[in-house]
file target35.txt (compact mmCIF, C-alpha atoms)
# COMPACT_ATOMS: atom_id res chain seq x y z
CA MET K 591 0.00 0.00 0.00
CA SER K 592 1.52 3.29 -1.03
CA ALA K 593 0.28 6.81 -1.38
CA ASN K 594 1.84 10.08 -2.36
CA LEU K 595 0.56 12.86 -0.19
CA THR K 596 1.25 16.56 -0.43
CA GLU K 597 0.10 17.32 3.13
CA GLY K 598 2.95 18.79 5.13
CA ALA K 599 5.32 19.00 2.18
CA PRO K 600 7.00 22.37 1.72
CA THR K 601 6.03 24.35 -1.36
CA GLY K 602 8.20 23.37 -4.29
CA ALA K 603 9.46 20.24 -2.53
CA SER K 604 8.73 16.72 -3.70
CA ALA K 605 5.48 15.25 -2.42
CA ALA K 606 5.36 13.43 0.89
CA ALA K 607 5.19 9.65 0.59
CA PHE K 608 3.47 7.12 2.86
CA ASN K 609 3.49 3.35 2.55
CA VAL K 610 2.68 0.31 4.63
CA GLN K 611 5.65 -2.03 4.57
CA LYS K 612 4.43 -4.74 6.96
CA ILE K 613 1.54 -5.44 9.34
CA TYR K 614 2.06 -8.10 11.98
CA LEU K 615 0.93 -9.38 15.35
CA LYS K 616 3.73 -8.51 17.78
CA ASP K 617 2.27 -9.94 20.98
CA VAL K 618 -0.95 -11.65 22.01
CA SER K 619 -2.37 -13.02 25.24
CA PHE K 620 -5.67 -14.59 26.28
CA GLU K 621 -6.50 -15.63 29.81
CA ALA K 622 -9.65 -17.18 31.25
CA PRO K 623 -8.46 -17.53 34.86
CA ASN K 624 -11.72 -18.89 36.27
CA ALA K 625 -12.64 -21.27 33.44
CA PRO K 626 -14.49 -23.59 33.30
CA LEU K 627 -16.49 -22.21 36.25
CA SER K 628 -16.77 -18.80 34.56
CA PHE K 629 -18.87 -20.30 31.74
CA ASN K 630 -21.73 -20.62 34.26
CA GLU K 631 -21.41 -17.16 35.83
CA GLN K 632 -24.67 -15.24 35.99
CA GLY K 633 -24.86 -11.48 35.83
CA GLN K 634 -24.14 -8.56 33.57
CA PRO K 635 -20.60 -8.69 32.19
CA GLU K 636 -18.58 -5.50 32.46
CA LEU K 637 -16.04 -4.82 29.72
CA ASN K 638 -13.08 -2.52 30.25
CA MET K 639 -10.81 -1.57 27.35
CA SER K 640 -7.53 0.27 27.36
CA LEU K 641 -5.44 1.46 24.44
CA ASN K 642 -1.81 2.39 24.13
CA GLN K 643 0.47 3.23 21.26
CA LYS K 644 4.23 3.09 20.85
CA VAL K 645 6.18 4.55 17.98
CA GLY K 646 9.78 3.70 17.22
CA LYS K 647 12.04 4.95 14.47
CA LEU K 648 13.70 2.03 12.67
CA ALA K 649 15.59 4.05 10.03
CA ASP K 650 15.28 7.35 8.22
CA GLY K 651 11.66 7.54 7.10
CA VAL K 652 10.77 4.09 8.53
CA TYR K 653 8.73 3.72 11.73
CA GLU K 654 7.25 0.88 13.74
CA VAL K 655 3.87 1.68 15.27
CA VAL K 656 2.48 -0.72 17.88
CA LEU K 657 -1.18 -0.40 18.87
CA GLY K 658 -1.89 -2.14 22.16
CA VAL K 659 -5.46 -3.12 23.04
CA THR K 660 -6.40 -4.76 26.33
CA LEU K 661 -9.95 -5.97 26.94
CA THR K 662 -11.02 -7.29 30.34
CA CYS K 663 -14.42 -8.89 30.99
CA THR K 664 -15.59 -9.22 34.58
CA ILE K 665 -18.78 -10.26 36.32
CA GLY K 666 -18.84 -8.94 39.84
CA ASP K 667 -15.33 -9.32 41.20
CA LYS K 668 -14.44 -12.29 38.97
CA THR K 669 -12.38 -11.93 35.81
CA ILE K 670 -14.09 -13.89 33.05
CA TYR K 671 -11.41 -13.22 30.43
CA LEU K 672 -8.55 -10.89 29.67
CA THR K 673 -7.13 -10.44 26.20
CA GLU K 674 -4.22 -8.32 25.09
CA VAL K 675 -3.12 -7.69 21.54
CA ALA K 676 -0.13 -5.70 20.32
CA GLN K 677 -0.81 -5.12 16.63
CA ALA K 678 2.17 -3.63 14.84
CA GLY K 679 3.07 -2.17 11.50
CA ILE K 680 6.11 -0.84 9.74
CA PHE K 681 5.38 2.34 7.85
CA GLY K 682 7.41 4.40 5.42
CA LEU K 683 6.87 8.15 5.84
CA GLU K 684 9.07 10.56 3.94
CA GLY K 685 8.82 14.26 3.16
CA PHE K 686 6.50 15.19 6.04
CA GLU K 687 7.00 18.21 8.26
CA ASP K 688 7.34 17.29 11.96
CA THR K 689 3.74 18.14 12.91
CA SER K 690 2.32 16.27 9.93
CA LEU K 691 4.59 13.30 10.63
CA ASP K 692 3.43 13.22 14.25
CA ALA K 693 -0.22 13.29 13.13
CA MET K 694 0.33 10.51 10.58
CA LEU K 695 1.95 8.32 13.24
CA GLY K 696 -0.70 9.18 15.84
CA ILE K 697 -3.85 9.01 13.70
CA HIS K 698 -3.39 7.41 10.30
CA CYS K 699 -1.19 4.45 11.32
CA PRO K 700 -3.42 3.37 14.27
CA ASN K 701 -6.46 3.63 11.97
CA ILE K 702 -4.77 1.11 9.67
CA LEU K 703 -3.80 -1.22 12.54
CA PHE K 704 -7.08 -1.16 14.49
CA PRO K 705 -9.16 -3.49 12.25
CA TYR K 706 -6.44 -6.15 12.55
CA ALA K 707 -6.36 -5.79 16.36
CA ARG K 708 -10.17 -5.88 16.52
CA GLN K 709 -10.26 -9.12 14.50
CA ALA K 710 -7.53 -10.73 16.60
CA ILE K 711 -9.39 -9.90 19.83
CA SER K 712 -12.67 -11.23 18.48
CA ASP K 713 -11.00 -14.46 17.33
CA LEU K 714 -9.25 -14.96 20.69
CA ILE K 715 -12.47 -14.47 22.66
CA GLY K 716 -14.34 -16.91 20.41
CA GLN K 717 -11.55 -19.50 20.62
CA GLY K 718 -11.66 -19.08 24.40
CA GLY K 719 -15.22 -20.41 24.37
CA PHE K 720 -17.01 -17.08 24.81
CA PRO K 721 -19.38 -15.26 22.46
CA PRO K 722 -17.36 -13.13 20.02
CA PHE K 723 -17.04 -9.47 20.88
CA TYR K 724 -16.54 -6.84 18.21
CA LEU K 725 -14.90 -3.62 19.32
CA GLN K 726 -16.58 -0.50 18.04
CA PRO K 727 -14.57 1.81 15.77
CA ILE K 728 -12.27 4.23 17.57
CA ASN K 729 -11.77 7.86 16.62
CA PHE K 730 -7.98 8.19 16.76
CA GLU K 731 -8.23 11.87 15.76
CA VAL K 732 -9.99 12.64 19.07
CA ILE K 733 -7.43 10.58 21.03
CA TYR K 734 -4.57 12.34 19.23
CA ALA K 735 -6.10 15.78 19.87
CA GLU K 736 -6.48 14.93 23.58
CA GLY K 737 -2.83 13.85 23.69
CA LEU K 738 -1.77 17.15 22.09
CA ARG K 739 -3.84 19.07 24.63
CA ARG K 740 -2.22 17.18 27.52
CA ARG K 741 1.27 17.74 26.10
CA ALA K 742 0.54 21.48 25.75
CA GLU K 743 -0.64 21.62 29.38
CA GLN K 744 2.51 19.84 30.56
CA VAL K 745 4.73 22.23 28.60
CA ALA K 746 2.80 25.20 29.98
CA GLY K 747 3.02 23.79 33.50
CA ALA K 748 6.75 23.10 33.13
CA SER K 749 7.46 26.60 31.81
CA GLU K 750 5.41 28.15 34.62
CA GLY K 751 7.25 25.99 37.13
CA SER K 752 10.63 26.99 35.73
CA THR K 753 9.65 30.67 35.83
CA VAL K 754 8.72 30.37 39.50
CA VAL K 755 12.01 28.62 40.26
CA SER K 756 14.04 31.30 38.50
CA GLU K 757 12.10 34.07 40.25
CA SER K 758 12.71 32.52 43.67
CA GLY K 759 16.37 32.05 42.72
CA ASN K 760 16.65 35.78 41.96
CA ALA K 761 15.01 36.88 45.19

call {"tool": "encode", "arguments": {"input": "target35.txt", "output": "structure tokens"}}
result
Amino acid sequence: MSANLTEGAPTGASAAAFNVQKIYLKDVSFEAPNAPLSFNEQGQPELNMSLNQKVGKLADGVYEVVLGVTLTCTIGDKTIYLTEVAQAGIFGLEGFEDTSLDAMLGIHCPNILFPYARQAISDLIGQGGFPPFYLQPINFEVIYAEGLRRRAEQVAGASEGSTVVSESGNA
């Protein structure tokens, strides 16, 4: 999969290029700690999902993005199942300005990886003897925007903190 994009490319420069070099399952885990007794549990299951993302630079213009998804199902205080998937991809991104590159790695790449992670989780749950569960789509743009907001607050807090330190040092 390859695309030439002009987003983030300086005027007069060659177009930015994006391609998917490899998609793979980096790590997977499924646990049903209370099976087979959990198959008879009565009650409303509670599902808790957490996401994480790691980005690593492999070479100039080549990045590994790992989307981690953890799904825990409990009834009362008993864990029915826990599944973790680390879905990874190697992406080629060249010619992007820093902010556009960051957005591509934080939004576009996870959007590509998520359907693979969703399928892996559904398959694991079904193979574990439970009804399949299909994760709903995730808006990675909103998650990315929230991350940017938090980073801006941390920078603002750090600069305010350093100003206070320097003022007290001058006093």

call {"tool": "closest_residue", "arguments": {"input": "target35.txt", "among": "K:Val745, K:Glu654, K:Thr662, K:Glu731", "to": "Ala693 of chain K", "atoms": "all atoms listed in the file"}}
result
K:Glu731

call {"tool": "closest_residue", "arguments": {"input": "target35.txt", "among": "K:Ala676, K:Ala748, K:Ala735, K:Cys699", "to": "Lys616 of chain K", "atoms": "all atoms listed in the file"}}
result
K:Ala676

call {"tool": "residues_near_point", "arguments": {"input": "target35.txt", "point": "(8.5, -6.1, 8.2)", "cutoff": "12 Å", "atoms": "all atoms listed in the file", "output": "list in words"}}
result
Val610, Gln611, Lys612, Ile613, Tyr614, Leu615, Lys616, Leu648, Val652, Tyr653, Glu654, Val655, Ala678, Gly679, Ile680, Phe681 and Gly682 of chain K

call {"tool": "residues_around", "arguments": {"input": "target35.txt", "residues": "Tyr734 of chain K", "least_positions_apart": "2", "cutoff": "10 Å", "atoms": "all atoms listed in the file", "output": "list in words"}}
result
Asp692, Ala693, Leu695, Gly696, Ile697, Asn729, Phe730, Glu731, Val732, Glu736, Gly737, Leu738, Arg739 and Arg740 of chain K

call {"tool": "atom_distance", "arguments": {"input": "target35.txt", "atom1": "atom CA of Pro705 of chain K", "atom2": "atom CA of Tyr671 of chain K"}}
result
20.7 Å

call {"tool": "closest_residue", "arguments": {"input": "target35.txt", "among": "K:Leu691, K:Ile665, K:Val656, K:Val618", "to": "Asn642 of chain K", "atoms": "only C-alpha atoms"}}
result
K:Val656

call {"tool": "atom_distance", "arguments": {"input": "target35.txt", "atom1": "atom CA of His698 of chain K", "atom2": "atom CA of Asn609 of chain K"}}
result
11.1 Å

call {"tool": "closest_residue", "arguments": {"input": "target35.txt", "among": "K:Asp667, K:Phe686, K:Gln634, K:Ala622", "to": "Gln717 of chain K", "atoms": "only C-alpha atoms"}}
result
K:Ala622
